[in-house]
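S.K.: Sharing start11.cif (mmCIF, C-alpha atoms) below.
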data_my_file
#
loop_
_atom_site.label_atom_id
_atom_site.label_comp_id
_atom_site.auth_asym_id
_atom_site.auth_seq_id
_atom_site.Cartn_x
_atom_site.Cartn_y
_atom_site.Cartn_z
CA MET A 1 -34.17 -17.51 -17.08
CA SER A 2 -32.41 -19.83 -19.45
CA ASN A 3 -29.55 -17.40 -20.02
CA LEU A 4 -28.67 -17.31 -16.32
CA PRO A 5 -25.94 -19.61 -15.02
CA ALA A 6 -26.91 -23.16 -14.14
CA ILE A 7 -24.71 -24.38 -11.34
CA PRO A 8 -23.96 -28.09 -11.10
CA VAL A 9 -25.47 -29.49 -7.93
CA SER A 10 -24.76 -32.48 -5.72
CA PRO A 11 -28.10 -33.07 -4.00
CA THR A 12 -28.10 -34.52 -0.52
CA ILE A 13 -30.83 -36.90 0.60
CA GLU A 14 -32.01 -34.32 3.14
CA ILE A 15 -33.10 -31.88 0.45
CA SER A 16 -33.52 -34.20 -2.51
CA GLN A 17 -37.12 -33.01 -2.90
CA TYR A 18 -35.92 -29.44 -3.42
CA TRP A 19 -33.64 -30.48 -6.27
CA GLU A 20 -36.13 -32.90 -7.76
CA ALA A 21 -38.62 -30.02 -8.03
CA ALA A 22 -35.96 -27.65 -9.37
CA GLY A 23 -35.29 -30.21 -12.08
CA ARG A 24 -38.92 -29.71 -13.16
CA ASP A 25 -38.46 -25.88 -13.12
CA VAL A 26 -40.53 -25.70 -9.93
CA LEU A 27 -39.40 -23.76 -6.84
CA VAL A 28 -40.40 -25.40 -3.58
CA VAL A 29 -39.98 -23.81 -0.17
CA PRO A 30 -39.87 -25.83 3.04
CA ARG A 31 -42.49 -25.12 5.69
CA CYS A 32 -42.71 -26.53 9.20
CA ASN A 33 -45.86 -28.49 10.02
CA VAL A 34 -45.41 -27.84 13.75
CA CYS A 35 -44.79 -24.08 14.04
CA GLY A 36 -46.12 -23.24 10.60
CA LYS A 37 -43.20 -21.11 9.46
CA ALA A 38 -41.57 -21.24 6.05
CA TYR A 39 -37.81 -20.93 6.02
CA TRP A 40 -34.77 -20.55 3.83
CA TYR A 41 -32.26 -22.07 2.94
CA PRO A 42 -33.72 -25.54 2.34
CA ARG A 43 -32.90 -28.10 4.98
CA GLY A 44 -34.58 -31.12 6.49
CA PHE A 45 -35.51 -29.55 9.81
CA CYS A 46 -37.16 -26.35 10.95
CA PRO A 47 -34.56 -23.82 12.14
CA PHE A 48 -37.19 -22.08 14.28
CA CYS A 49 -38.49 -25.05 16.33
CA HIS A 50 -36.16 -27.87 15.20
CA SER A 51 -39.00 -30.13 14.09
CA THR A 52 -38.30 -32.55 11.24
CA ASP A 53 -42.00 -32.59 10.34
CA ILE A 54 -41.78 -30.39 7.26
CA VAL A 55 -43.53 -30.07 3.92
CA TRP A 56 -42.18 -28.80 0.59
CA GLU A 57 -44.60 -26.20 -0.76
CA GLU A 58 -44.64 -25.17 -4.37
CA SER A 59 -44.07 -21.44 -4.79
CA ASP A 60 -46.66 -19.57 -6.83
CA GLY A 61 -43.91 -17.22 -7.97
CA GLY A 62 -45.37 -14.21 -6.18
CA ALA A 63 -43.62 -12.36 -3.36
CA SER A 64 -43.08 -8.92 -1.86
CA ILE A 65 -39.55 -7.72 -2.49
CA TYR A 66 -37.83 -6.64 0.74
CA SER A 67 -34.77 -5.26 -1.00
CA PHE A 68 -32.93 -5.60 -4.27
CA THR A 69 -29.86 -4.50 -6.15
CA ILE A 70 -28.84 -4.34 -9.78
CA ALA A 71 -25.40 -5.92 -9.74
CA GLN A 72 -23.15 -4.60 -12.47
CA ARG A 73 -20.77 -7.45 -12.03
CA GLY A 74 -20.57 -10.88 -10.46
CA GLN A 75 -18.13 -13.60 -9.71
CA GLY A 76 -17.72 -17.11 -11.08
CA PRO A 77 -20.46 -18.16 -13.49
CA TRP A 78 -22.34 -14.93 -12.76
CA GLU A 79 -19.57 -12.75 -14.17
CA ALA A 80 -20.92 -13.14 -17.68
CA ALA A 81 -24.54 -12.69 -16.58
CA ALA A 82 -24.14 -9.16 -15.21
CA PRO A 83 -25.91 -6.83 -15.02
CA ASP A 84 -28.47 -8.84 -13.12
CA VAL A 85 -30.96 -8.27 -10.32
CA VAL A 86 -30.49 -9.88 -6.93
CA ALA A 87 -33.43 -9.54 -4.57
CA TYR A 88 -34.46 -10.60 -1.07
CA ARG A 89 -37.95 -11.25 0.06
CA MET B 1 -20.54 -15.39 -0.55
CA GLY B 2 -17.30 -16.16 -2.29
CA GLY B 3 -16.71 -18.26 -5.34
CA SER B 4 -18.80 -20.83 -7.13
CA SER B 5 -20.38 -23.94 -5.74
CA ALA B 6 -17.68 -26.02 -7.33
CA GLU B 7 -15.01 -24.34 -5.25
CA PRO B 8 -16.48 -23.05 -2.01
CA GLN B 9 -14.42 -20.26 -0.57
CA GLY B 10 -14.80 -19.86 3.14
CA GLY B 11 -12.62 -16.79 3.21
CA PRO B 12 -11.05 -15.23 6.24
CA GLY B 13 -14.47 -14.45 7.68
CA GLY B 14 -15.11 -18.17 8.00
CA ARG B 15 -18.09 -18.17 5.70
CA ARG B 16 -18.92 -21.84 5.33
CA GLY B 17 -22.10 -23.80 5.12
CA PRO B 18 -24.95 -24.39 2.71
CA GLU B 19 -26.22 -20.82 2.50
CA ALA B 20 -22.87 -19.05 2.16
CA ASP B 21 -21.25 -21.62 -0.06
CA PHE B 22 -24.21 -22.53 -2.16
CA PHE B 23 -27.67 -21.04 -1.84
CA GLU B 24 -26.56 -17.42 -2.11
CA PRO B 25 -23.87 -17.54 -4.84
CA THR B 26 -25.90 -20.01 -6.91
CA TYR B 27 -28.65 -17.42 -7.24
CA GLY B 28 -26.38 -14.51 -8.03
CA ALA B 29 -25.31 -13.10 -4.66
CA THR B 30 -21.68 -13.73 -5.47
CA MET B 31 -19.82 -10.72 -4.11
CA PRO B 32 -19.99 -8.74 -0.86
CA ALA B 33 -21.11 -5.52 -2.57
CA ILE B 34 -24.40 -7.20 -3.51
CA SER B 35 -25.27 -7.94 0.10
CA TYR B 36 -24.35 -4.46 1.34
CA ALA B 37 -26.14 -2.86 -1.60
CA MET B 38 -29.37 -4.54 -0.56
CA CYS B 39 -28.88 -3.16 2.95
CA ALA B 40 -28.36 0.31 1.51
CA ALA B 41 -31.40 0.01 -0.75
CA ARG B 42 -33.58 -1.06 2.17
CA HIS B 43 -32.21 1.73 4.39
CA MET B 44 -33.02 4.26 1.67
CA TYR B 45 -36.53 2.85 1.26
CA GLN B 46 -37.26 2.70 4.97
CA TYR B 47 -35.53 5.86 6.24
CA GLY B 48 -35.08 8.08 3.20
CA THR B 49 -31.31 7.86 3.26
CA THR B 50 -29.74 9.28 0.10
CA THR B 51 -26.74 8.38 -2.01
CA GLU B 52 -25.33 11.86 -1.34
CA GLN B 53 -25.47 11.21 2.40
CA LEU B 54 -23.55 7.96 1.93
CA ALA B 55 -21.00 9.89 -0.13
CA GLU B 56 -20.32 12.21 2.83
CA ILE B 57 -18.68 9.26 4.58
CA LYS B 58 -16.29 8.64 1.69
CA VAL B 59 -15.50 12.35 1.47
CA ALA B 60 -14.55 12.50 5.16
CA ALA B 61 -12.36 9.40 4.79
CA SER B 62 -10.64 10.89 1.77
CA ILE B 63 -9.85 14.12 3.63
CA HIS B 64 -8.14 12.05 6.31
CA ALA B 65 -6.32 9.88 3.76
CA SER B 66 -4.84 12.99 2.17
CA HIS B 67 -2.76 13.34 5.36
CA ASN B 68 -1.64 9.71 5.31
CA PRO B 69 1.47 9.09 3.16
CA ASN B 70 0.74 5.36 3.29
CA ALA B 71 -2.88 5.59 2.13
CA PHE B 72 -3.79 3.66 -1.00
CA LEU B 73 -5.98 6.54 -2.23
CA LYS B 74 -4.61 9.93 -1.19
CA ASN B 75 -6.82 12.29 -3.19
CA VAL B 76 -9.66 14.21 -1.59
CA VAL B 77 -12.92 13.47 -3.40
CA SER B 78 -16.21 15.38 -3.52
CA THR B 79 -19.73 14.05 -3.06
CA ASP B 80 -20.26 14.68 -6.79
CA GLU B 81 -17.31 12.46 -7.62
CA VAL B 82 -18.66 9.70 -5.40
CA VAL B 83 -22.19 9.71 -6.80
CA SER B 84 -20.97 9.96 -10.39
CA SER B 85 -18.48 7.11 -10.05
CA PRO B 86 -19.49 3.88 -11.83
CA MET B 87 -22.25 1.85 -10.24
CA ILE B 88 -21.03 -1.44 -8.80
CA SER B 89 -24.23 -2.79 -7.28
CA SER B 90 -27.02 -0.25 -6.97
CA PRO B 91 -27.21 1.97 -4.99
CA LEU B 92 -23.50 1.55 -4.21
CA HIS B 93 -21.01 3.26 -6.51
CA ARG B 94 -17.35 2.40 -6.88
CA LEU B 95 -16.38 5.11 -4.40
CA ASP B 96 -18.82 3.70 -1.83
CA CYS B 97 -16.63 0.60 -1.76
CA CYS B 98 -13.44 0.06 0.20
CA VAL B 99 -10.10 -0.55 -1.43
CA ASN B 100 -8.75 -4.09 -1.49
CA THR B 101 -5.20 -4.31 -0.24
CA ASP B 102 -2.75 -6.37 1.66
CA GLY B 103 -2.07 -5.35 5.21
CA GLY B 104 -1.99 -6.52 8.74
CA GLY B 105 -1.17 -5.54 12.25
CA ALA B 106 -0.84 -6.67 15.82
CA VAL B 107 -1.80 -5.42 19.22
CA VAL B 108 0.09 -6.20 22.41
CA VAL B 109 -2.08 -6.64 25.48
CA VAL B 110 -0.32 -6.90 28.84
CA SER B 111 -1.25 -7.08 32.50
CA PRO B 112 -1.19 -3.90 34.62
CA GLU B 113 2.00 -5.22 36.28
CA ILE B 114 3.83 -5.53 32.98
CA ALA B 115 2.36 -2.24 31.73
CA ALA B 116 3.83 -0.44 34.73
CA LYS B 117 7.31 -1.46 33.61
CA LEU B 118 6.93 -0.23 30.02
CA ASN B 119 8.41 3.08 28.99
CA ARG B 120 5.69 3.84 26.47
CA HIS B 121 2.44 5.79 26.33
CA LYS B 122 -0.09 3.11 27.30
CA VAL B 123 -3.81 2.99 26.66
CA LYS B 124 -6.33 1.04 28.66
CA ILE B 125 -9.11 -1.29 27.56
CA LEU B 126 -12.24 0.14 29.17
CA GLY B 127 -14.87 -2.17 27.72
CA GLN B 128 -15.69 -4.54 24.91
CA GLY B 129 -18.59 -6.45 23.46
CA GLU B 130 -18.83 -9.14 20.80
CA VAL B 131 -21.91 -10.67 19.18
CA PRO B 132 -23.03 -12.73 16.20
CA LYS B 133 -26.10 -11.95 14.10
CA ASN B 134 -27.46 -14.81 12.02
CA ALA B 135 -29.50 -14.91 8.86
CA ALA B 136 -32.69 -15.69 10.80
CA ALA B 137 -33.63 -18.59 8.51
CA GLY B 138 -34.58 -16.27 5.71
CA GLU B 139 -36.13 -13.47 7.78
CA THR B 140 -33.04 -11.26 7.93
CA ASP B 141 -33.61 -7.61 8.84
CA PHE B 142 -31.16 -5.66 6.68
CA THR B 143 -31.53 -2.39 8.56
CA TYR B 144 -29.45 -3.04 11.63
CA THR B 145 -26.07 -4.55 12.49
CA GLY B 146 -24.77 -6.56 15.43
CA ALA B 147 -23.61 -3.28 16.95
CA VAL B 148 -27.08 -2.92 18.47
CA TRP B 149 -25.98 -5.62 20.92
CA SER B 150 -22.19 -5.28 21.07
CA ALA B 151 -22.24 -1.54 21.80
CA PRO B 152 -24.41 -1.63 24.96
CA ILE B 153 -22.19 -4.37 26.37
CA ALA B 154 -19.02 -2.37 25.70
CA PHE B 155 -20.42 0.96 26.92
CA ALA B 156 -21.76 -0.64 30.11
CA GLU B 157 -18.42 -2.25 30.92
CA ALA B 158 -16.57 1.00 30.19
CA GLY B 159 -19.05 3.10 32.14
CA VAL B 160 -19.11 5.76 29.45
CA SER B 161 -21.64 6.96 26.88
CA THR B 162 -21.46 7.99 23.24
CA ASN B 163 -21.03 11.61 24.37
CA ASP B 164 -17.69 10.63 25.91
CA ILE B 165 -16.21 9.26 22.69
CA ASP B 166 -13.57 11.59 21.24
CA TYR B 167 -12.63 9.40 18.29
CA ALA B 168 -14.42 6.53 16.53
CA GLY B 169 -12.82 3.91 14.33
CA ILE B 170 -15.63 2.26 12.39
CA TYR B 171 -15.13 -0.69 10.08
CA ASP B 172 -15.90 0.60 6.61
CA SER B 173 -16.17 -2.04 3.92
CA PHE B 174 -18.72 0.25 2.30
CA THR B 175 -20.17 3.66 3.15
CA ILE B 176 -23.43 2.02 4.23
CA THR B 177 -21.48 -0.10 6.73
CA VAL B 178 -20.40 3.06 8.55
CA LEU B 179 -23.80 4.72 8.40
CA MET B 180 -25.66 1.76 9.89
CA THR B 181 -22.96 1.12 12.47
CA LEU B 182 -23.02 4.74 13.68
CA GLU B 183 -26.76 4.41 14.27
CA ASP B 184 -26.44 1.08 16.02
CA LEU B 185 -23.59 2.27 18.24
CA GLY B 186 -25.98 4.97 19.42
CA PHE B 187 -24.37 8.09 17.99
CA CYS B 188 -27.72 9.05 16.46
CA GLU B 189 -31.28 7.78 16.31
CA LYS B 190 -31.99 4.74 14.13
CA GLY B 191 -32.60 5.89 10.59
CA GLN B 192 -30.97 9.28 11.14
CA GLY B 193 -27.47 8.23 10.07
CA GLY B 194 -27.72 10.07 6.78
CA ARG B 195 -28.53 13.36 8.45
CA PHE B 196 -25.92 12.70 11.14
CA VAL B 197 -22.99 12.35 8.72
CA THR B 198 -24.02 15.33 6.59
CA GLY B 199 -22.00 18.52 6.92
CA GLY B 200 -18.62 17.07 7.82
CA THR B 201 -19.54 15.47 11.16
CA LEU B 202 -16.88 12.78 10.70
CA VAL B 203 -14.00 15.09 9.71
CA SER B 204 -11.24 15.51 12.26
CA GLY B 205 -10.68 19.06 13.43
CA SER B 206 -14.09 20.39 12.43
CA GLY B 207 -16.64 17.63 12.95
CA SER B 208 -18.14 16.43 16.21
CA LEU B 209 -17.20 12.76 15.72
CA PRO B 210 -13.87 12.31 13.91
CA PHE B 211 -13.64 8.83 12.41
CA ASN B 212 -11.08 6.68 10.59
CA THR B 213 -8.35 9.29 10.58
CA ASP B 214 -5.97 7.02 8.65
CA GLY B 215 -8.41 7.12 5.75
CA GLY B 216 -9.98 3.82 6.76
CA GLY B 217 -10.83 0.98 4.44
CA LEU B 218 -12.49 3.40 2.06
CA CYS B 219 -9.17 5.11 1.27
CA SER B 220 -6.18 3.81 3.19
CA ASN B 221 -6.19 0.03 3.31
CA HIS B 222 -8.47 -2.94 3.72
CA PRO B 223 -6.64 -6.15 4.51
CA SER B 224 -9.24 -8.79 3.70
CA GLY B 225 -11.07 -9.97 6.79
CA ARG B 226 -8.84 -7.95 9.08
CA GLY B 227 -10.42 -4.53 8.91
CA GLY B 228 -10.95 -4.42 12.66
CA MET B 229 -7.23 -4.61 13.36
CA VAL B 230 -6.44 -1.32 11.64
CA LYS B 231 -9.34 0.32 13.47
CA MET B 232 -7.77 -0.66 16.80
CA ILE B 233 -4.33 0.55 15.72
CA GLU B 234 -5.56 3.97 14.62
CA ALA B 235 -7.58 4.35 17.84
CA VAL B 236 -4.42 3.68 19.86
CA ARG B 237 -2.49 6.16 17.72
CA GLN B 238 -5.13 8.81 18.42
CA LEU B 239 -4.99 8.19 22.17
CA ARG B 240 -1.21 8.37 22.07
CA GLY B 241 -1.27 11.59 20.10
CA GLU B 242 0.52 9.84 17.24
CA ALA B 243 -2.04 10.28 14.47
CA ASN B 244 -0.95 11.82 11.18
CA GLU B 245 -0.46 15.57 11.18
CA GLY B 246 -3.73 17.25 10.29
CA THR B 247 -5.87 14.43 11.70
CA GLN B 248 -4.95 14.31 15.39
CA VAL B 249 -7.98 14.80 17.64
CA ALA B 250 -7.24 17.42 20.29
CA ASP B 251 -7.13 16.01 23.83
CA CYS B 252 -8.28 12.57 22.74
CA GLN B 253 -9.21 10.80 25.98
CA ILE B 254 -11.59 8.01 24.99
CA ALA B 255 -11.75 6.21 21.66
CA LEU B 256 -13.98 3.54 20.18
CA ALA B 257 -13.04 0.90 17.63
CA HIS B 258 -15.68 -1.22 15.96
CA GLY B 259 -15.27 -4.15 13.62
CA SER B 260 -17.77 -6.27 11.79
CA GLY B 261 -17.31 -9.52 9.94
CA GLY B 262 -19.32 -11.60 7.54
CA LEU B 263 -21.94 -9.70 5.58
CA LEU B 264 -24.40 -7.09 6.77
CA GLY B 265 -27.14 -8.62 4.63
CA SER B 266 -26.84 -12.13 6.02
CA ARG B 267 -24.58 -13.55 8.73
CA MET B 268 -22.34 -11.17 10.59
CA THR B 269 -20.36 -10.58 13.71
CA ALA B 270 -19.79 -7.31 15.54
CA ALA B 271 -17.15 -6.28 18.03
CA THR B 272 -17.01 -3.00 19.90
CA LEU B 273 -13.93 -1.91 21.82
CA ILE B 274 -13.62 1.18 24.01
CA LEU B 275 -10.15 2.41 24.86
CA GLY B 276 -9.01 5.21 27.12
CA GLN B 277 -5.99 6.98 28.48
CA GLU B 278 -4.16 5.09 31.17
CA ASP B 279 -5.66 7.26 33.93
CA SER B 280 -9.20 7.18 32.51
#
The structure given in the file should be rewritten as structure tokens.

M.R.:
Amino acid sequence: MSNLPAIPVSPTIEISQYWEAAGRDVLVVPRCNVCGKAYWYPRGFCPFCHSTDIVWEESDGGASIYSFTIAQRGQGPWEAAAPDVVAYR
Amino acid sequence: MGGSSAEPQGGPGGRRGPEADFFEPTYGATMPAISYAMCAARHMYQYGTTTEQLAEIKVAASIHASHNPNAFLKNVVSTDEVVSSPMISSPLHRLDCCVNTDGGGAVVVVSPEIAAKLNRHKVKILGQGEVPKNAAAGETDFTYTGAVWSAPIAFAEAGVSTNDIDYAGIYDSFTITVLMTLEDLGFCEKGQGGRFVTGGTLVSGSGSLPFNTDGGGLCSNHPSGRGGMVKMIEAVRQLRGEANEGTQVADCQIALAHGSGGLLGSRMTAATLILGQEDS
């Protein structure tokens, strides 16, 4: 992964835990303690039930790919990284 | 999904916010083709749609563009040429993608009282529907567009069905955009878009549903973020009998124009407009 672009970030307090984990090369995904659903993108409240009672779960790196593409070009910092795979789960 | 995080680009579609400005481009989803390509890949996986079927849409557009002296791309292309053009973002090839041009337009909408005083072939707005579709907090379904909601609203207001549509202007950022929109507008069963477009269905004069007779975004022009405007203009031209020679639909009574904004694979809007002759 080290040859992929690293984008400078300006973490907000709301999702500081996401970026703190990312700084340790760990992907965390927010999950709602009330309705139980995980969601994306990271934010400090559940977009399904609006609860702020959330937990940041460490991803085990496994997932089922819903769709993907092999991009032959990209924009910005990703221009030099192409071809690269972008996927959705 | 424009630009880097350092310089968020909202773009004319109004794409702003954490996901569009940051969480997608940061992880490589930097250009629209990537989002639409993932829709196409999922459609192929789920419904068996083929790259040759997508190419049929570009071929039909190119036939129409060959009659348009103002089209950006005037040459008729074959399905072979489409599928052998360079890959941009799999499974979308270069010729699955629209052109990128300047352009613009305007429509004049007046009251019936004003319209009665105008010495011009008028067309009537029969129905319209507009909807947003959001990214569902990470549970986006790539296989349908907002047309599943905007079309029923527009058809109900107009009091017509898909069988009544003589001409369809469909926003065409990519071939897959047209295929999915045709399904969601109700011109064929969900998942059957590939079979529907095969065999020249969309070609004016010979096909059952002539579309984008100016050549559309795929061949004529694609003013960024304003693709719906040219769809309305060409629909009016068809109803007025003013389409380019070789593309005019015979006895065009009712036309549909459909625009979509944002990105099919994330946040999008959809707008369906049904227009008719003044006495319809």

S.K.: Around all listed atoms of stretch 24-37 of chain A, padded 3 Å per side, what centre and edge lengths does the axis-aligned box have in Å to one decimal, as AutoDock Vina command-line options?

M.R.:
--center_x -42.3 --center_y -25.4 --center_z 0.4 --size_x 13.7 --size_y 14.6 --size_z 33.2

S.K.: For this file, the PyMOL selection byres ((chain B) within 12 of (chain A)) selects which residues, as a PyMOL selection string?

M.R.: chain B and resi 1-9+17-46+86-94+134-143+265-266

S.K.: Since I can't run it myself right now, could you work out what the PyMOL selection byres ((chain A and resi 14-24) around 9) selects here and report it as a PDB file with C-alpha atoms, keeping the file's coordinate frame?

M.R.:
ATOM      1  CA  VAL A   9     -25.470 -29.490  -7.930  1.00  0.00           C
ATOM      2  CA  PRO A  11     -28.100 -33.070  -4.000  1.00  0.00           C
ATOM      3  CA  THR A  12     -28.100 -34.520  -0.520  1.00  0.00           C
ATOM      4  CA  ILE A  13     -30.830 -36.900   0.600  1.00  0.00           C
ATOM      5  CA  ASP A  25     -38.460 -25.880 -13.120  1.00  0.00           C
ATOM      6  CA  VAL A  26     -40.530 -25.700  -9.930  1.00  0.00           C
ATOM      7  CA  LEU A  27     -39.400 -23.760  -6.840  1.00  0.00           C
ATOM      8  CA  VAL A  28     -40.400 -25.400  -3.580  1.00  0.00           C
ATOM      9  CA  VAL A  29     -39.980 -23.810  -0.170  1.00  0.00           C
ATOM     10  CA  PRO A  30     -39.870 -25.830   3.040  1.00  0.00           C
ATOM     11  CA  PRO A  42     -33.720 -25.540   2.340  1.00  0.00           C
ATOM     12  CA  ARG A  43     -32.900 -28.100   4.980  1.00  0.00           C
ATOM     13  CA  GLY A  44     -34.580 -31.120   6.490  1.00  0.00           C
ATOM     14  CA  PHE A  45     -35.510 -29.550   9.810  1.00  0.00           C
ATOM     15  CA  TRP A  56     -42.180 -28.800   0.590  1.00  0.00           C
ATOM     16  CA  GLU A  58     -44.640 -25.170  -4.370  1.00  0.00           C
TER      17      GLU A  58
END

S.K.: Enumerate, as a PyMOL selection string, the residues matched when the PyMOL selection byres ((chain B and resi 200-208) around 12) is run on the file above.

M.R.: chain B and resi 53-65+67+78-79+162-170+178-179+182+187-188+193-199+209-216+238+243-252

S.K.: Taking only C-alpha atoms into account, name the residue in B:Gln192, B:Gln253, B:Asn70, B:Ser220 that is nearest to B:Leu275.

M.R.: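 Looking at the shortest contact to B:Leu275, the residue is B:Gln253.
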
S.K.: What's the separation between atom CA of B:Met180 and atom CA of B:Ala147, in Å to one decimal place?

M.R.: 8.9 Å

S.K.: Record the distance separating atom CA of B:His258 and atom CA of B:Val230, expressed in Å with one decimal.

M.R.: 10.2 Å

S.K.: Which residues, written as a PDB file with C-alpha atoms, in the coordinates of the input, have at least one atom at most 9 Å from B:Asn221, with only C-alpha atoms counted and residues fewer than 3 positions away on the same chain left out?

M.R.:
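Everything below was put into selection_33.pdb:
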ATOM      1  CA  ASN B  70       0.740   5.360   3.290  1.00  0.00           C
ATOM      2  CA  ALA B  71      -2.880   5.590   2.130  1.00  0.00           C
ATOM      3  CA  PHE B  72      -3.790   3.660  -1.000  1.00  0.00           C
ATOM      4  CA  LEU B  73      -5.980   6.540  -2.230  1.00  0.00           C
ATOM      5  CA  CYS B  98     -13.440   0.060   0.200  1.00  0.00           C
ATOM      6  CA  VAL B  99     -10.100  -0.550  -1.430  1.00  0.00           C
ATOM      7  CA  ASN B 100      -8.750  -4.090  -1.490  1.00  0.00           C
ATOM      8  CA  THR B 101      -5.200  -4.310  -0.240  1.00  0.00           C
ATOM      9  CA  ASP B 102      -2.750  -6.370   1.660  1.00  0.00           C
ATOM     10  CA  GLY B 103      -2.070  -5.350   5.210  1.00  0.00           C
ATOM     11  CA  ASP B 214      -5.970   7.020   8.650  1.00  0.00           C
ATOM     12  CA  GLY B 215      -8.410   7.120   5.750  1.00  0.00           C
ATOM     13  CA  GLY B 216      -9.980   3.820   6.760  1.00  0.00           C
ATOM     14  CA  GLY B 217     -10.830   0.980   4.440  1.00  0.00           C
ATOM     15  CA  LEU B 218     -12.490   3.400   2.060  1.00  0.00           C
ATOM     16  CA  GLY B 227     -10.420  -4.530   8.910  1.00  0.00           C
ATOM     17  CA  VAL B 230      -6.440  -1.320  11.640  1.00  0.00           C
TER      18      VAL B 230
END

S.K.: Pull the neighbourhood of (-50.4, -32.4, 10.0) for me: all residues within 12 Å in file coordinates, counting all atoms listed in the file, as a PyMOL selection string.

M.R.: chain A and resi 31-36+53-55

S.K.: When you look at B:Pro132 with a cut-off of 10 Å (counting all atoms listed in the file), what residues show up, excluding the ones that are within fewer than 3 positions of it in the same chain? I need them as a list of chain:residue names.

M.R.: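 The filter keeps B:Thr145, B:Gly146, B:Ala147, B:Trp149, B:Ser150, B:Ser260, B:Gly261, B:Gly262, B:Arg267, B:Met268, B:Thr269, B:Ala270, B:Ala271.
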
S.K.: Keeping C-alpha atoms, export the residues of the selection given above as a compact mmCIF listing (two decimals), in the coordinates of the input.

M.R.:
# COMPACT_ATOMS: atom_id res chain seq x y z
CA THR B 145 -26.07 -4.55 12.49
CA GLY B 146 -24.77 -6.56 15.43
CA ALA B 147 -23.61 -3.28 16.95
CA TRP B 149 -25.98 -5.62 20.92
CA SER B 150 -22.19 -5.28 21.07
CA SER B 260 -17.77 -6.27 11.79
CA GLY B 261 -17.31 -9.52 9.94
CA GLY B 262 -19.32 -11.60 7.54
CA ARG B 267 -24.58 -13.55 8.73
CA MET B 268 -22.34 -11.17 10.59
CA THR B 269 -20.36 -10.58 13.71
CA ALA B 270 -19.79 -7.31 15.54
CA ALA B 271 -17.15 -6.28 18.03

S.K.: Show me as JSON, numbers by chain the residues that reach within 10 Å of (-1.6, -6.2, 24.2), counting only C-alpha atoms and using the file's own coordinates.

M.R.: {"B": [106, 107, 108, 109, 110, 111, 115, 122, 123, 124, 125]}

S.K.: Figure out the distance between atom CA of B:Ala235 and atom CA of B:Tyr144, please, to one decimal in Å.

M.R.: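 Between atom CA of B:Tyr144 and atom CA of B:Ala235 the gap is 23.9 Å.
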
S.K.: Measuring between all atoms listed in the file, which one of B:Ile153, B:Cys219, B:Val160, B:Leu239 shows the shortest distance to B:Asp96?

M.R.: B:Cys219
